[in-house]
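Undergrad: One file: model.txt (compact mmCIF, C-alpha atoms).
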# COMPACT_ATOMS: atom_id res chain seq x y z
CA MET D 60 9.95 -15.74 -28.43
CA ALA D 61 8.61 -12.21 -28.29
CA ASN D 62 8.81 -10.42 -24.96
CA PRO D 63 5.43 -10.88 -23.26
CA LEU D 64 5.85 -7.56 -21.46
CA ALA D 65 6.48 -5.53 -24.61
CA GLN D 66 2.74 -4.88 -24.86
CA PHE D 67 2.85 -2.65 -21.77
CA GLU D 68 5.51 -0.28 -23.13
CA ILE D 69 4.58 3.38 -23.29
CA THR D 70 5.54 5.03 -26.56
CA THR D 71 5.42 8.76 -27.14
CA LEU D 72 3.27 9.76 -30.08
CA VAL D 73 3.30 13.56 -29.81
CA PRO D 74 6.02 15.01 -27.54
CA ILE D 75 4.65 17.87 -25.42
CA GLN D 76 6.58 19.73 -22.71
CA LEU D 77 4.53 21.77 -20.22
CA GLY D 78 6.81 23.89 -18.02
CA GLY D 79 9.48 21.21 -17.79
CA VAL D 80 6.95 18.43 -17.18
CA ASP D 81 6.73 15.68 -19.76
CA ALA D 82 3.07 15.77 -20.80
CA SER D 83 3.50 13.91 -24.08
CA PHE D 84 0.58 12.32 -25.84
CA THR D 85 1.36 8.60 -25.58
CA ASN D 86 -0.26 5.40 -26.79
CA SER D 87 -1.84 5.19 -23.33
CA GLY D 88 -3.43 8.61 -23.83
CA LEU D 89 -4.49 7.66 -27.33
CA PHE D 90 -6.44 4.66 -26.06
CA MET D 91 -8.05 6.76 -23.35
CA VAL D 92 -9.30 9.05 -26.11
CA VAL D 93 -10.44 5.99 -28.08
CA ALA D 94 -12.33 4.67 -25.04
CA VAL D 95 -14.06 7.99 -24.35
CA THR D 96 -14.97 8.38 -28.01
CA ALA D 97 -16.32 4.83 -28.16
CA ILE D 98 -18.45 5.38 -25.03
CA THR D 99 -19.82 8.65 -26.39
CA LEU D 100 -20.66 7.07 -29.74
CA PHE D 101 -22.12 3.96 -28.10
CA LEU D 102 -24.47 5.97 -25.89
CA THR D 103 -25.43 8.87 -28.15
CA LEU D 104 -25.87 6.87 -31.35
CA GLY D 105 -27.59 4.09 -29.42
CA MET D 106 -30.12 6.49 -27.95
CA ARG D 107 -30.57 8.55 -31.13
CA ALA D 108 -33.69 6.70 -32.21
CA HIS D 109 -35.16 6.73 -28.69
CA ARG D 110 -37.94 4.34 -29.49
CA LEU D 111 -40.44 3.23 -26.88
CA VAL D 112 -39.63 -0.37 -27.74
CA PRO D 113 -35.85 -0.33 -27.97
CA GLY D 114 -33.80 -2.07 -30.64
CA ARG D 115 -30.71 -4.12 -29.83
CA TRP D 116 -28.32 -1.20 -29.61
CA GLN D 117 -30.63 1.08 -27.65
CA SER D 118 -31.34 -1.84 -25.35
CA MET D 119 -27.62 -2.26 -24.59
CA ALA D 120 -27.26 1.45 -23.81
CA GLU D 121 -30.33 1.38 -21.56
CA LEU D 122 -29.17 -1.82 -19.86
CA SER D 123 -25.81 -0.34 -18.91
CA TYR D 124 -27.53 2.78 -17.60
CA GLU D 125 -30.07 0.84 -15.57
CA PHE D 126 -27.43 -1.56 -14.25
CA ILE D 127 -25.47 1.28 -12.66
CA ALA D 128 -28.61 3.17 -11.63
CA SER D 129 -29.89 0.17 -9.67
CA MET D 130 -26.42 -0.47 -8.25
CA VAL D 131 -26.31 3.09 -6.88
CA ARG D 132 -29.89 2.84 -5.62
CA ASP D 133 -29.34 -0.49 -3.84
CA ASN D 134 -25.96 0.31 -2.32
CA VAL D 135 -26.09 4.03 -1.60
CA GLY D 136 -29.79 4.84 -1.54
CA THR D 137 -31.60 7.87 -2.89
CA GLU D 138 -29.01 10.25 -1.50
CA GLY D 139 -26.45 8.77 -3.86
CA ARG D 140 -28.35 10.07 -6.88
CA PRO D 141 -26.20 13.21 -7.38
CA TYR D 142 -23.13 10.97 -7.72
CA PHE D 143 -24.65 8.70 -10.36
CA PRO D 144 -23.04 10.52 -13.35
CA PHE D 145 -19.58 10.07 -11.87
CA ILE D 146 -20.09 6.41 -11.03
CA PHE D 147 -21.59 5.68 -14.44
CA SER D 148 -18.67 7.41 -16.19
CA LEU D 149 -16.20 5.49 -14.05
CA PHE D 150 -17.83 2.15 -14.87
CA MET D 151 -18.06 2.80 -18.60
CA PHE D 152 -14.48 4.11 -18.76
CA ILE D 153 -13.01 1.05 -17.04
CA LEU D 154 -15.26 -1.37 -18.92
CA PHE D 155 -14.39 0.09 -22.32
CA ALA D 156 -10.70 0.32 -21.41
CA ASN D 157 -10.64 -3.35 -20.47
CA LEU D 158 -12.64 -4.50 -23.50
CA ILE D 159 -10.80 -2.35 -26.05
CA GLY D 160 -7.55 -3.62 -24.54
CA LEU D 161 -8.52 -7.15 -25.62
CA VAL D 162 -8.44 -6.17 -29.29
CA PRO D 163 -5.14 -7.40 -30.78
CA TYR D 164 -2.45 -4.70 -31.18
CA SER D 165 -4.31 -2.32 -28.90
CA PHE D 166 -3.08 -0.98 -25.57
CA THR D 167 -4.70 -1.68 -22.17
CA PHE D 168 -4.17 1.45 -20.09
CA THR D 169 -5.83 -0.12 -17.03
CA SER D 170 -2.80 -2.45 -16.87
CA HIS D 171 -0.73 0.50 -15.62
CA ILE D 172 -0.91 1.05 -11.88
CA ILE D 173 -0.57 4.81 -12.17
CA VAL D 174 -3.82 4.97 -14.18
CA THR D 175 -5.79 2.77 -11.78
CA PHE D 176 -4.26 4.48 -8.76
CA ALA D 177 -5.22 7.90 -10.10
CA MET D 178 -8.84 6.72 -10.39
CA ALA D 179 -8.77 5.04 -6.97
CA ILE D 180 -7.27 8.04 -5.18
CA THR D 181 -9.84 10.32 -6.84
CA VAL D 182 -12.61 8.10 -5.48
CA PHE D 183 -10.95 7.90 -2.05
CA LEU D 184 -10.35 11.66 -1.67
CA GLY D 185 -13.78 12.48 -3.09
CA VAL D 186 -15.55 10.11 -0.71
CA THR D 187 -13.57 11.40 2.28
CA VAL D 188 -14.34 15.03 1.40
CA ILE D 189 -18.05 14.21 0.92
CA GLY D 190 -18.10 12.49 4.30
CA ILE D 191 -16.42 15.41 6.07
CA ILE D 192 -18.69 17.96 4.40
CA ARG D 193 -21.83 16.03 5.32
CA HIS D 194 -20.91 15.01 8.87
CA GLY D 195 -18.15 17.38 9.93
CA LEU D 196 -15.94 16.06 12.69
CA ARG D 197 -18.45 13.29 13.40
CA PHE D 198 -17.05 11.61 10.28
CA PHE D 199 -14.00 10.59 12.29
CA THR D 200 -16.12 8.45 14.63
CA LEU D 201 -15.75 6.05 11.70
CA PHE D 202 -12.45 5.03 13.24
CA LEU D 203 -13.91 4.09 16.62
CA PRO D 204 -16.92 1.78 16.50
CA SER D 205 -19.53 2.50 19.14
CA GLY D 206 -19.55 0.14 22.11
CA VAL D 207 -15.82 -0.51 22.08
CA PRO D 208 -14.19 -0.20 25.53
CA MET D 209 -11.89 2.81 25.75
CA VAL D 210 -8.98 0.55 26.75
CA MET D 211 -9.01 -0.87 23.24
CA ALA D 212 -9.04 2.52 21.52
CA PRO D 213 -5.24 3.07 21.27
CA LEU D 214 -4.92 -0.28 19.50
CA LEU D 215 -8.09 -0.15 17.45
CA ILE D 216 -7.86 3.38 16.06
CA PRO D 217 -4.50 2.83 14.27
CA ILE D 218 -5.80 -0.46 12.86
CA GLU D 219 -8.94 1.24 11.55
CA ILE D 220 -6.90 4.08 10.07
CA VAL D 221 -4.59 1.65 8.25
CA SER D 222 -7.65 -0.27 7.10
CA TYR D 223 -9.20 2.94 5.79
CA LEU D 224 -6.00 4.05 4.05
CA SER D 225 -5.67 0.65 2.38
CA ARG D 226 -8.84 1.24 0.35
CA PRO D 227 -7.32 3.13 -2.59
CA VAL D 228 -4.36 0.74 -2.64
CA SER D 229 -6.48 -2.40 -2.79
CA LEU D 230 -8.84 -0.77 -5.30
CA SER D 231 -6.03 0.15 -7.68
CA ILE D 232 -3.90 -2.99 -7.26
CA ARG D 233 -6.87 -5.28 -7.92
CA LEU D 234 -7.72 -3.77 -11.29
CA PHE D 235 -4.12 -3.29 -12.42
CA ALA D 236 -2.90 -6.74 -11.32
CA ASN D 237 -5.81 -8.58 -12.93
CA MET D 238 -5.42 -6.81 -16.25
CA MET D 239 -1.65 -7.09 -16.36
CA ALA D 240 -1.53 -10.74 -15.29
CA GLY D 241 -4.20 -11.74 -17.80
CA HIS D 242 -2.57 -9.97 -20.71
CA THR D 243 0.87 -11.34 -19.85
CA MET D 244 -0.51 -14.86 -19.66
CA LEU D 245 -2.18 -14.48 -23.06
CA LYS D 246 1.12 -13.37 -24.60
CA VAL D 247 3.16 -16.13 -22.93
CA PHE D 248 0.90 -18.85 -24.31
CA ALA D 249 0.66 -17.14 -27.69
CA GLY D 250 4.46 -17.09 -27.82
CA PHE D 251 4.54 -20.92 -27.72
CA VAL D 252 2.17 -21.46 -30.64
CA VAL D 253 4.57 -21.00 -33.57
CA PRO D 254 7.78 -22.44 -31.96
CA LEU D 255 5.98 -25.71 -31.13
CA GLY D 256 5.16 -26.23 -34.80
CA ILE D 257 2.14 -27.64 -36.58
CA LEU D 258 1.86 -30.66 -34.28
CA GLY D 259 2.41 -29.22 -30.81
CA GLY D 260 1.19 -25.70 -31.43
CA TRP D 261 -2.47 -26.56 -31.06
CA ALA D 262 -2.25 -27.05 -27.30
CA PRO D 263 -1.17 -23.49 -26.41
CA LEU D 264 -3.54 -22.15 -29.05
CA ALA D 265 -6.46 -23.94 -27.38
CA VAL D 266 -5.36 -22.58 -24.00
CA ASP D 267 -5.19 -19.09 -25.49
CA VAL D 268 -8.72 -19.35 -26.87
CA ALA D 269 -9.99 -20.39 -23.45
CA LEU D 270 -7.98 -17.63 -21.77
CA THR D 271 -9.40 -15.02 -24.13
CA GLY D 272 -12.89 -16.00 -23.05
CA PHE D 273 -11.81 -15.84 -19.44
CA GLU D 274 -10.25 -12.40 -20.03
CA PHE D 275 -13.60 -11.08 -21.26
CA LEU D 276 -15.12 -12.24 -18.00
CA VAL D 277 -12.32 -10.59 -16.00
CA ALA D 278 -12.64 -7.36 -17.98
CA VAL D 279 -16.35 -6.99 -17.17
CA LEU D 280 -16.00 -8.30 -13.62
CA GLN D 281 -13.18 -5.93 -12.70
CA ALA D 282 -15.13 -2.93 -13.97
CA TYR D 283 -18.06 -4.16 -11.86
CA VAL D 284 -15.96 -4.71 -8.73
CA PHE D 285 -14.32 -1.29 -8.98
CA THR D 286 -17.71 0.39 -9.38
CA ILE D 287 -19.52 -1.49 -6.63
CA LEU D 288 -16.70 -0.79 -4.18
CA THR D 289 -16.93 2.89 -5.09
CA CYS D 290 -20.66 2.68 -4.30
CA LEU D 291 -20.01 0.97 -0.95
CA TYR D 292 -17.38 3.53 0.06
CA LEU D 293 -19.75 6.33 -0.93
CA ASN D 294 -22.46 4.70 1.16
CA ASP D 295 -20.18 4.74 4.19
CA ALA D 296 -19.48 8.44 3.73
CA ILE D 297 -23.13 9.40 3.16
CA ASN D 298 -24.96 7.15 5.62
CA LEU D 299 -22.54 7.31 8.52
CA HIS D 300 -23.62 4.91 11.22
CA MET P 137 -21.78 -8.85 -4.77
CA SER P 138 -21.43 -12.05 -6.77
CA GLY P 139 -19.31 -14.93 -5.49
CA LEU P 140 -16.74 -14.50 -8.23
CA GLY P 141 -16.50 -10.77 -7.60
CA MET P 142 -15.93 -11.60 -3.95
CA ALA P 143 -13.14 -14.03 -4.80
CA PHE P 144 -11.33 -11.38 -6.81
CA ARG P 145 -11.72 -8.88 -3.99
CA ILE P 146 -10.51 -10.68 -0.92
CA GLY P 147 -6.94 -11.49 -1.93
CA THR P 148 -5.99 -7.90 -2.58
CA GLU P 149 -7.67 -6.62 0.60
CA LEU P 150 -5.21 -8.57 2.73
CA VAL P 151 -2.10 -7.57 0.80
CA ALA P 152 -3.04 -3.91 0.40
CA ALA P 153 -3.53 -3.30 4.12
CA LEU P 154 -0.20 -4.94 4.89
CA ALA P 155 1.52 -2.83 2.22
CA VAL P 156 -0.03 0.36 3.58
CA GLY P 157 1.03 -0.55 7.13
CA VAL P 158 4.62 -1.24 6.10
CA GLY P 159 4.63 1.95 4.00
CA ILE P 160 3.47 4.10 6.91
CA GLY P 161 6.04 2.45 9.19
CA LEU P 162 8.91 3.08 6.77
CA LEU P 163 7.86 6.69 6.23
CA LEU P 164 7.59 7.43 9.95
CA ASP P 165 10.98 5.82 10.60
CA HIS P 166 12.55 7.78 7.77
CA TRP P 167 10.99 11.02 9.03
CA LEU P 168 11.63 10.63 12.78
CA ASP P 169 14.85 8.63 12.43
CA THR P 170 13.67 6.00 14.92
CA GLY P 171 15.30 2.76 13.90
CA PRO P 172 13.02 -0.04 12.87
CA TRP P 173 10.43 0.53 15.59
CA PHE P 174 7.59 2.14 13.64
CA LEU P 175 8.12 -0.41 10.87
CA VAL P 176 7.71 -3.26 13.36
CA VAL P 177 4.64 -1.72 15.00
CA PHE P 178 2.89 -0.81 11.74
CA PHE P 179 3.71 -4.17 10.18
CA PHE P 180 1.54 -5.82 12.81
CA LEU P 181 -1.10 -3.09 12.62
CA GLY P 182 -1.20 -3.56 8.85
CA ALA P 183 -1.55 -7.32 9.20
CA ALA P 184 -4.39 -6.82 11.68
CA ALA P 185 -6.08 -4.31 9.38
CA GLY P 186 -5.78 -6.75 6.49
CA MET P 187 -7.43 -9.55 8.44
CA LEU P 188 -10.12 -7.12 9.57
CA ASN P 189 -10.75 -6.13 5.94
CA VAL P 190 -11.06 -9.75 4.85
CA TYR P 191 -13.30 -10.59 7.78
CA ARG P 192 -15.57 -7.66 7.03
CA ALA P 193 -15.70 -8.39 3.32
CA ALA P 194 -16.36 -12.09 3.85
CA SER P 195 -18.99 -11.74 6.55
CA GLY P 196 -20.75 -8.97 4.65
CA ILE P 197 -21.01 -6.54 7.54
CA GLY P 198 -19.87 -3.64 5.45
CA LEU P 199 -16.32 -2.82 4.62
CA ALA P 200 -15.83 0.40 6.32
CA PRO P 201 -13.94 0.88 9.46
CA GLY P 202 -16.24 0.91 12.40
CA PHE P 203 -19.32 -0.57 10.91
CA PRO P 204 -21.49 -2.85 12.97
CA GLN P 205 -24.04 -3.32 10.20
CA ARG P 206 -25.81 -1.70 7.34
CA PRO P 207 -29.46 -1.64 8.43
CA GLU P 208 -31.85 -1.50 5.47
CA LYS P 209 -29.07 -2.57 3.13
CA GLY P 210 -29.32 -6.28 3.97
CA THR P 211 -30.65 -6.98 0.51
CA GLU P 212 -27.52 -7.86 -1.39
CA PRO P 213 -28.16 -9.76 -4.61
CA GLY P 214 -26.42 -12.89 -3.32
CA GLU P 215 -28.43 -13.05 -0.13
CA GLU P 216 -31.72 -12.54 -1.90
CA LYS P 217 -31.07 -15.42 -4.25
CA GLU P 218 -30.40 -17.77 -1.38
CA GLU P 219 -33.74 -16.92 0.13
CA HIS P 220 -35.46 -17.72 -3.15
CA ASP P 221 -33.60 -20.99 -3.50
CA GLY P 222 -34.55 -22.13 -0.03
CA PRO P 223 -38.29 -22.74 -0.47
CA ALA P 224 -37.79 -24.18 -3.98
CA GLY P 225 -35.35 -26.74 -2.62
CA THR P 226 -37.56 -27.82 0.26
CA GLY P 227 -40.69 -28.09 -1.89
CA ARG P 228 -39.24 -30.76 -4.14
CA PRO P 229 -39.17 -34.02 -2.16
CA GLY P 230 -42.93 -34.51 -2.77
CA ASN P 231 -42.19 -35.85 -6.25
Re-express the file's structure as structure tokens.
TA:
Amino acid sequence: MANPLAQFEITTLVPIQLGGVDASFTNSGLFMVVAVTAITLFLTLGMRAHRLVPGRWQSMAELSYEFIASMVRDNVGTEGRPYFPFIFSLFMFILFANLIGLVPYSFTFTSHIIVTFAMAITVFLGVTVIGIIRHGLRFFTLFLPSGVPMVMAPLLIPIEIVSYLSRPVSLSIRLFANMMAGHTMLKVFAGFVVPLGILGGWAPLAVDVALTGFEFLVAVLQAYVFTILTCLYLNDAINLH
Amino acid sequence: MSGLGMAFRIGTELVAALAVGVGIGLLLDHWLDTGPWFLVVFFFLGAAAGMLNVYRAASGIGLAPGFPQRPEKGTEPGEEKEEHDGPAGTGRPGN
């Protein structure tokens, strides 16, 4: 049976050395380029006709735009408008990464924790910096809820700080673990199809078909969860209570 | 946030806070050379932070540290739907 984890292997396509650092162009990088190209084509070609009554393609492009626009409006408010381009890019990047990763023989770069952690830590640092710029030192009252007796402060402040620091970790682990687990499971069941022969092979095949459908759901849902949590964190930094 | 989105969220919230707590504890111990003490303390702080995260996520009072509520933001999609379902459900018995 083929190794179900072989799909996550990084292979170097173009070796590049930048000052002793290995900055090679890998299959992971290739699929990032593919995702960005696909998003650009999807949005620009979709909106090329810009009809008043949109066709199917233009409708999909407008729907994805309006979905994120209303998400930012509902969760952050009007002050979140300057950050819409970033959040929209983040959503489309993760969504396309997850969906392109479901194509056979392709590579899912969101199944690598370093990729998801890089995105999560960018969001985390960005949100923290925005909060400090907007509220100054008052931002740190985040760690001590109002109305808490001062006796509790030495216990509560470390808990709140750990809780705050766990945000990028939970954000990155969630996306990475879901993508990796799903893809491994698909491969494990697919590996049983041929060895079980013409009689028994149908059972794992049926499971794999069902799992593929489920993976589409997970792909979209994880992009949504990552984006909405980014919105909620941004809301905390902007509308400090 | 949808129910399914919520389900995917909560599990990792608990584990991540615990991992961060243990990580901080190990780092402090390594740095200050103080036996297992920071690890023990931050393990429990991490566990508490994890439960706090889950509680906040599940009860919908905002996820951030120190958040009593989110005033005008009480209109999450899930909550709105429930309000719509309420009157429709009670209006039916007439048939």
Undergrad: Compile the residues of chain D that lie within 10 Å of chain P, evaluated using all atoms listed in the file, and express the compilation as an mmCIF file with C-alpha atoms, in the coordinates of the input.
TA:
data_model
loop_
_atom_site.group_PDB
_atom_site.id
_atom_site.type_symbol
_atom_site.label_atom_id
_atom_site.label_comp_id
_atom_site.auth_asym_id
_atom_site.auth_seq_id
_atom_site.Cartn_x
_atom_site.Cartn_y
_atom_site.Cartn_z
ATOM 1 C CA ASP D 133 -29.340 -0.490 -3.840
ATOM 2 C CA ASN D 134 -25.960 0.310 -2.320
ATOM 3 C CA VAL D 135 -26.090 4.030 -1.600
ATOM 4 C CA GLY D 136 -29.790 4.840 -1.540
ATOM 5 C CA PHE D 199 -14.000 10.590 12.290
ATOM 6 C CA THR D 200 -16.120 8.450 14.630
ATOM 7 C CA LEU D 201 -15.750 6.050 11.700
ATOM 8 C CA PHE D 202 -12.450 5.030 13.240
ATOM 9 C CA LEU D 203 -13.910 4.090 16.620
ATOM 10 C CA PRO D 204 -16.920 1.780 16.500
ATOM 11 C CA SER D 205 -19.530 2.500 19.140
ATOM 12 C CA GLY D 206 -19.550 0.140 22.110
ATOM 13 C CA VAL D 207 -15.820 -0.510 22.080
ATOM 14 C CA LEU D 214 -4.920 -0.280 19.500
ATOM 15 C CA LEU D 215 -8.090 -0.150 17.450
ATOM 16 C CA ILE D 216 -7.860 3.380 16.060
ATOM 17 C CA PRO D 217 -4.500 2.830 14.270
ATOM 18 C CA ILE D 218 -5.800 -0.460 12.860
ATOM 19 C CA GLU D 219 -8.940 1.240 11.550
ATOM 20 C CA ILE D 220 -6.900 4.080 10.070
ATOM 21 C CA VAL D 221 -4.590 1.650 8.250
ATOM 22 C CA SER D 222 -7.650 -0.270 7.100
ATOM 23 C CA TYR D 223 -9.200 2.940 5.790
ATOM 24 C CA LEU D 224 -6.000 4.050 4.050
ATOM 25 C CA SER D 225 -5.670 0.650 2.380
ATOM 26 C CA ARG D 226 -8.840 1.240 0.350
ATOM 27 C CA PRO D 227 -7.320 3.130 -2.590
ATOM 28 C CA VAL D 228 -4.360 0.740 -2.640
ATOM 29 C CA SER D 229 -6.480 -2.400 -2.790
ATOM 30 C CA LEU D 230 -8.840 -0.770 -5.300
ATOM 31 C CA SER D 231 -6.030 0.150 -7.680
ATOM 32 C CA ILE D 232 -3.900 -2.990 -7.260
ATOM 33 C CA ARG D 233 -6.870 -5.280 -7.920
ATOM 34 C CA LEU D 234 -7.720 -3.770 -11.290
ATOM 35 C CA ALA D 236 -2.900 -6.740 -11.320
ATOM 36 C CA ASN D 237 -5.810 -8.580 -12.930
ATOM 37 C CA VAL D 277 -12.320 -10.590 -16.000
ATOM 38 C CA LEU D 280 -16.000 -8.300 -13.620
ATOM 39 C CA GLN D 281 -13.180 -5.930 -12.700
ATOM 40 C CA TYR D 283 -18.060 -4.160 -11.860
ATOM 41 C CA VAL D 284 -15.960 -4.710 -8.730
ATOM 42 C CA PHE D 285 -14.320 -1.290 -8.980
ATOM 43 C CA ILE D 287 -19.520 -1.490 -6.630
ATOM 44 C CA LEU D 288 -16.700 -0.790 -4.180
ATOM 45 C CA LEU D 291 -20.010 0.970 -0.950
ATOM 46 C CA TYR D 292 -17.380 3.530 0.060
ATOM 47 C CA ASN D 294 -22.460 4.700 1.160
ATOM 48 C CA ASP D 295 -20.180 4.740 4.190
ATOM 49 C CA ALA D 296 -19.480 8.440 3.730
ATOM 50 C CA ASN D 298 -24.960 7.150 5.620
ATOM 51 C CA LEU D 299 -22.540 7.310 8.520
ATOM 52 C CA HIS D 300 -23.620 4.910 11.220
#
Undergrad: Find the spatial neighbours of Val95 of chain D, counting all atoms listed in the file, within a cut-off of 10 Å - ignore same-chain residues fewer than 6 positions away - and output them as a ChimeraX atom specification.
TA: /D:101,148,151-152,155-156
Undergrad: Quick check, in Å to one decimal: how far apart do atom CA of Gly171 of chain P and atom CA of Gly159 of chain P lie?
TA: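 That distance, rounded to one decimal, is 14.6 Å.
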Undergrad: Got a sec: who's within 10 Å of Pro144 of chain D, counting all atoms listed in the file, leaving out chain neighbours fewer than 4 positions off, as a PyMOL selection string?
TA: chain D and resi 124+127-128+140+148-150
Undergrad: How many Å lie between atom CA of Phe145 of chain D and atom CA of His109 of chain D, rounded to one decimal?
TA: 23.2 Å
Undergrad: Atom CA of Ser83 of chain D to atom CA of Ala177 of chain D: how many Å, to one decimal?
TA: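 Computed distance, atom CA of Ser83 of chain D to atom CA of Ala177 of chain D, equals 17.5 Å.
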Undergrad: Please identify all polymer residues within 12 Å of Arg107 of chain D, counting all atoms listed in the file, omitting same-chain residues fewer than 6 positions from it, and present them as a VMD selection string.
TA: chain D and resid 99 to 101 113 to 114 116 to 118 120 to 121
Undergrad: Per residue of segment 66-131 of chain D within 12 Å of segment 168-171 of chain D, which atom pair is closest and at what distance in Å (one decimal), using all atoms listed in the file, listed by chain and increasing number, as CSV?
TA:
residue,atom,partner,partner_atom,distance
D:Gln66,CA,D:Ser170,CA,10.0
D:Phe67,CA,D:Ser170,CA,7.5
D:Glu68,CA,D:His171,CA,9.8
D:Ile69,CA,D:Phe168,CA,9.5
D:Thr85,CA,D:Phe168,CA,10.6
D:Asn86,CA,D:Phe168,CA,8.7
D:Ser87,CA,D:Phe168,CA,5.5
D:Gly88,CA,D:Phe168,CA,8.1
D:Leu89,CA,D:Phe168,CA,9.5
D:Phe90,CA,D:Phe168,CA,7.1
D:Met91,CA,D:Phe168,CA,7.3
D:Val92,CA,D:Phe168,CA,11.0
D:Val93,CA,D:Phe168,CA,11.1
D:Ala94,CA,D:Phe168,CA,10.1
Undergrad: Write a file of the selected residues as a compact mmCIF listing (two decimals), keeping the file's coordinate frame, keeping C-alpha atoms.
TA:
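Everything below was put into result_4.txt:
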# COMPACT_ATOMS: atom_id res chain seq x y z
CA GLN D 66 2.74 -4.88 -24.86
CA PHE D 67 2.85 -2.65 -21.77
CA GLU D 68 5.51 -0.28 -23.13
CA ILE D 69 4.58 3.38 -23.29
CA THR D 85 1.36 8.60 -25.58
CA ASN D 86 -0.26 5.40 -26.79
CA SER D 87 -1.84 5.19 -23.33
CA GLY D 88 -3.43 8.61 -23.83
CA LEU D 89 -4.49 7.66 -27.33
CA PHE D 90 -6.44 4.66 -26.06
CA MET D 91 -8.05 6.76 -23.35
CA VAL D 92 -9.30 9.05 -26.11
CA VAL D 93 -10.44 5.99 -28.08
CA ALA D 94 -12.33 4.67 -25.04
